[in-house]
Amino acid sequence: MVFQGDLEDAAASHDDLPDADEVYDPDDEIPLEAVFDDAFVREYTSFETFDDLVAASPADADEAAALDYVGDGEWDEFVATETEFEDEEAFVMAGRDNWVANRLGLE
């Protein structure tokens, strides 16, 4: 997995990266399952899929598609306990970096 600092280094070492509009349309929604793909979830949690993680979380959802609002403190505690990240922000930023690296072919 590539995270922000590594992502910047990996991108700098490639001279053939696609333009942003080739890999991302700002009008398209990015599915949570794409940000937190199975490989990411398996590497940094004890779960197999993001749906499994959501089902075990304090959210009132049993899959990512049904995920709605979850209180900050609840997610922070869950993420700190069930993942390799200290809080929700670190988890989300790592997922974002993973998604970008995948879209750019940096994995």
# chains A, B, ... in the order shown; residues from 1 in each chain; ligands from 1
$ residues_around --residues "Thr49 in chain A" --least-positions-apart "3" --cutoff "12 Å" --atoms "only C-alpha atoms" --output "mmCIF file with C-alpha atoms, in the first residue's frame"
data_model
loop_
_atom_site.group_PDB
_atom_site.id
_atom_site.type_symbol
_atom_site.label_atom_id
_atom_site.label_comp_id
_atom_site.auth_asym_id
_atom_site.auth_seq_id
_atom_site.Cartn_x
_atom_site.Cartn_y
_atom_site.Cartn_z
ATOM 1 C CA LEU A 32 -16.573 3.582 -0.274
ATOM 2 C CA GLU A 33 -15.764 0.044 -1.413
ATOM 3 C CA ALA A 34 -13.321 1.529 -3.948
ATOM 4 C CA VAL A 35 -11.587 3.656 -1.318
ATOM 5 C CA PHE A 36 -11.492 0.785 1.171
ATOM 6 C CA ASP A 37 -10.986 -2.095 -1.234
ATOM 7 C CA ASP A 38 -10.646 -5.679 -0.030
ATOM 8 C CA ALA A 39 -6.838 -5.691 -0.219
ATOM 9 C CA PHE A 40 -6.650 -2.532 1.927
ATOM 10 C CA VAL A 41 -9.150 -3.860 4.469
ATOM 11 C CA ARG A 42 -7.387 -7.241 4.756
ATOM 12 C CA GLU A 43 -3.979 -5.603 5.167
ATOM 13 C CA TYR A 44 -4.936 -3.080 7.855
ATOM 14 C CA THR A 45 -7.819 -4.723 9.715
ATOM 15 C CA SER A 46 -8.934 -8.164 10.831
ATOM 16 C CA ASP A 52 -17.638 -6.847 7.107
ATOM 17 C CA LEU A 53 -15.963 -3.925 8.870
ATOM 18 C CA VAL A 54 -19.100 -1.782 8.639
ATOM 19 C CA ALA A 55 -21.278 -4.621 9.929
ATOM 20 C CA ALA A 56 -19.024 -4.945 13.015
ATOM 21 C CA ASP A 62 -24.725 -3.974 7.921
ATOM 22 C CA GLU A 63 -22.971 -3.005 4.694
ATOM 23 C CA ALA A 64 -21.113 -0.048 3.218
#
$ select_by_dssp --residues "range 20-92 of chain A" --states "alpha helix (DSSP H)" --output "PyMOL selection string"
chain A and resi 20-23+32-35+38-44+50-56+72-82+88-92
$ closest_residue --among "A:Asp60, A:Glu48, A:Asp68, A:Glu74" --to "Asp87 in chain A" --atoms "only C-alpha atoms"
A:Glu74
$ residues_around --residues "Ala90 in chain A" --least-positions-apart "3" --cutoff "12 Å" --atoms "only C-alpha atoms" --output "list in words"
Phe3, Gln4, Tyr44, Trp75, Asp76, Val79, Ala80, Thr83, Glu84, Phe85, Glu86, Asp87, Met93, Ala94, Gly95, Arg96 and Asp97 of chain A
$ write_last_selection --atoms "N, CA and C atoms" --output "PDB file, in the first residue's frame"
ATOM      1  N   PHE A   3       1.034   5.258   0.934  1.00  0.00           N
ATOM      2  CA  PHE A   3       0.402   6.342   1.685  1.00  0.00           C
ATOM      3  C   PHE A   3       0.974   7.674   1.250  1.00  0.00           C
ATOM      4  N   GLN A   4       0.429   8.769   1.768  1.00  0.00           N
ATOM      5  CA  GLN A   4       0.682  10.092   1.240  1.00  0.00           C
ATOM      6  C   GLN A   4       2.147  10.384   0.920  1.00  0.00           C
ATOM      7  N   TYR A  44      -4.974  -3.977   6.700  1.00  0.00           N
ATOM      8  CA  TYR A  44      -4.936  -3.080   7.855  1.00  0.00           C
ATOM      9  C   TYR A  44      -6.005  -3.319   8.909  1.00  0.00           C
ATOM     10  N   TRP A  75     -16.579   6.123  15.976  1.00  0.00           N
ATOM     11  CA  TRP A  75     -15.737   5.635  14.883  1.00  0.00           C
ATOM     12  C   TRP A  75     -14.267   5.666  15.279  1.00  0.00           C
ATOM     13  N   ASP A  76     -13.845   6.744  15.935  1.00  0.00           N
ATOM     14  CA  ASP A  76     -12.441   6.841  16.350  1.00  0.00           C
ATOM     15  C   ASP A  76     -12.065   5.654  17.231  1.00  0.00           C
ATOM     16  N   VAL A  79     -12.091   2.381  15.085  1.00  0.00           N
ATOM     17  CA  VAL A  79     -10.934   2.333  14.186  1.00  0.00           C
ATOM     18  C   VAL A  79      -9.655   2.057  14.971  1.00  0.00           C
ATOM     19  N   ALA A  80      -9.487   2.719  16.105  1.00  0.00           N
ATOM     20  CA  ALA A  80      -8.281   2.517  16.921  1.00  0.00           C
ATOM     21  C   ALA A  80      -8.194   1.084  17.433  1.00  0.00           C
ATOM     22  N   THR A  83      -8.432  -1.550  13.700  1.00  0.00           N
ATOM     23  CA  THR A  83      -7.561  -1.358  12.538  1.00  0.00           C
ATOM     24  C   THR A  83      -6.161  -0.998  13.018  1.00  0.00           C
ATOM     25  N   GLU A  84      -5.267  -0.808  12.084  1.00  0.00           N
ATOM     26  CA  GLU A  84      -3.913  -0.391  12.423  1.00  0.00           C
ATOM     27  C   GLU A  84      -3.770   1.139  12.480  1.00  0.00           C
ATOM     28  N   PHE A  85      -4.891   1.849  12.456  1.00  0.00           N
ATOM     29  CA  PHE A  85      -4.867   3.310  12.454  1.00  0.00           C
ATOM     30  C   PHE A  85      -5.316   3.849  13.800  1.00  0.00           C
ATOM     31  N   GLU A  86      -4.832   5.041  14.137  1.00  0.00           N
ATOM     32  CA  GLU A  86      -5.117   5.610  15.460  1.00  0.00           C
ATOM     33  C   GLU A  86      -6.509   6.226  15.560  1.00  0.00           C
ATOM     34  N   ASP A  87      -7.065   6.633  14.428  1.00  0.00           N
ATOM     35  CA  ASP A  87      -8.400   7.233  14.459  1.00  0.00           C
ATOM     36  C   ASP A  87      -9.002   7.228  13.053  1.00  0.00           C
ATOM     37  N   MET A  93      -7.717   8.920   5.410  1.00  0.00           N
ATOM     38  CA  MET A  93      -6.630   9.449   4.586  1.00  0.00           C
ATOM     39  C   MET A  93      -5.819   8.315   3.944  1.00  0.00           C
ATOM     40  N   ALA A  94      -5.614   7.240   4.674  1.00  0.00           N
ATOM     41  CA  ALA A  94      -4.910   6.083   4.112  1.00  0.00           C
ATOM     42  C   ALA A  94      -5.744   5.447   3.007  1.00  0.00           C
ATOM     43  N   GLY A  95      -7.049   5.359   3.213  1.00  0.00           N
ATOM     44  CA  GLY A  95      -7.929   4.835   2.166  1.00  0.00           C
ATOM     45  C   GLY A  95      -7.891   5.707   0.927  1.00  0.00           C
ATOM     46  N   ARG A  96      -7.903   7.013   1.126  1.00  0.00           N
ATOM     47  CA  ARG A  96      -7.805   7.945  -0.002  1.00  0.00           C
ATOM     48  C   ARG A  96      -6.515   7.730  -0.781  1.00  0.00           C
ATOM     49  N   ASP A  97      -5.402   7.635  -0.059  1.00  0.00           N
ATOM     50  CA  ASP A  97      -4.110   7.426  -0.722  1.00  0.00           C
ATOM     51  C   ASP A  97      -4.087   6.096  -1.468  1.00  0.00           C
TER      52      ASP A  97
END
$ atom_distance --atom1 "CA of Glu77 in chain A" --atom2 "CA of Val92 in chain A"
14.1 Å
$ atom_distance --atom1 "CA of Val70 in chain A" --atom2 "CA of Pro58 in chain A"
7.2 Å
$ closest_residue --among "A:Leu106, A:Trp99, A:Gly73, A:Thr81" --to "Ile30 in chain A" --atoms "only C-alpha atoms"
A:Trp99
$ atom_distance --atom1 "CA of Asp28 in chain A" --atom2 "CA of Asp51 in chain A"
21.2 Å
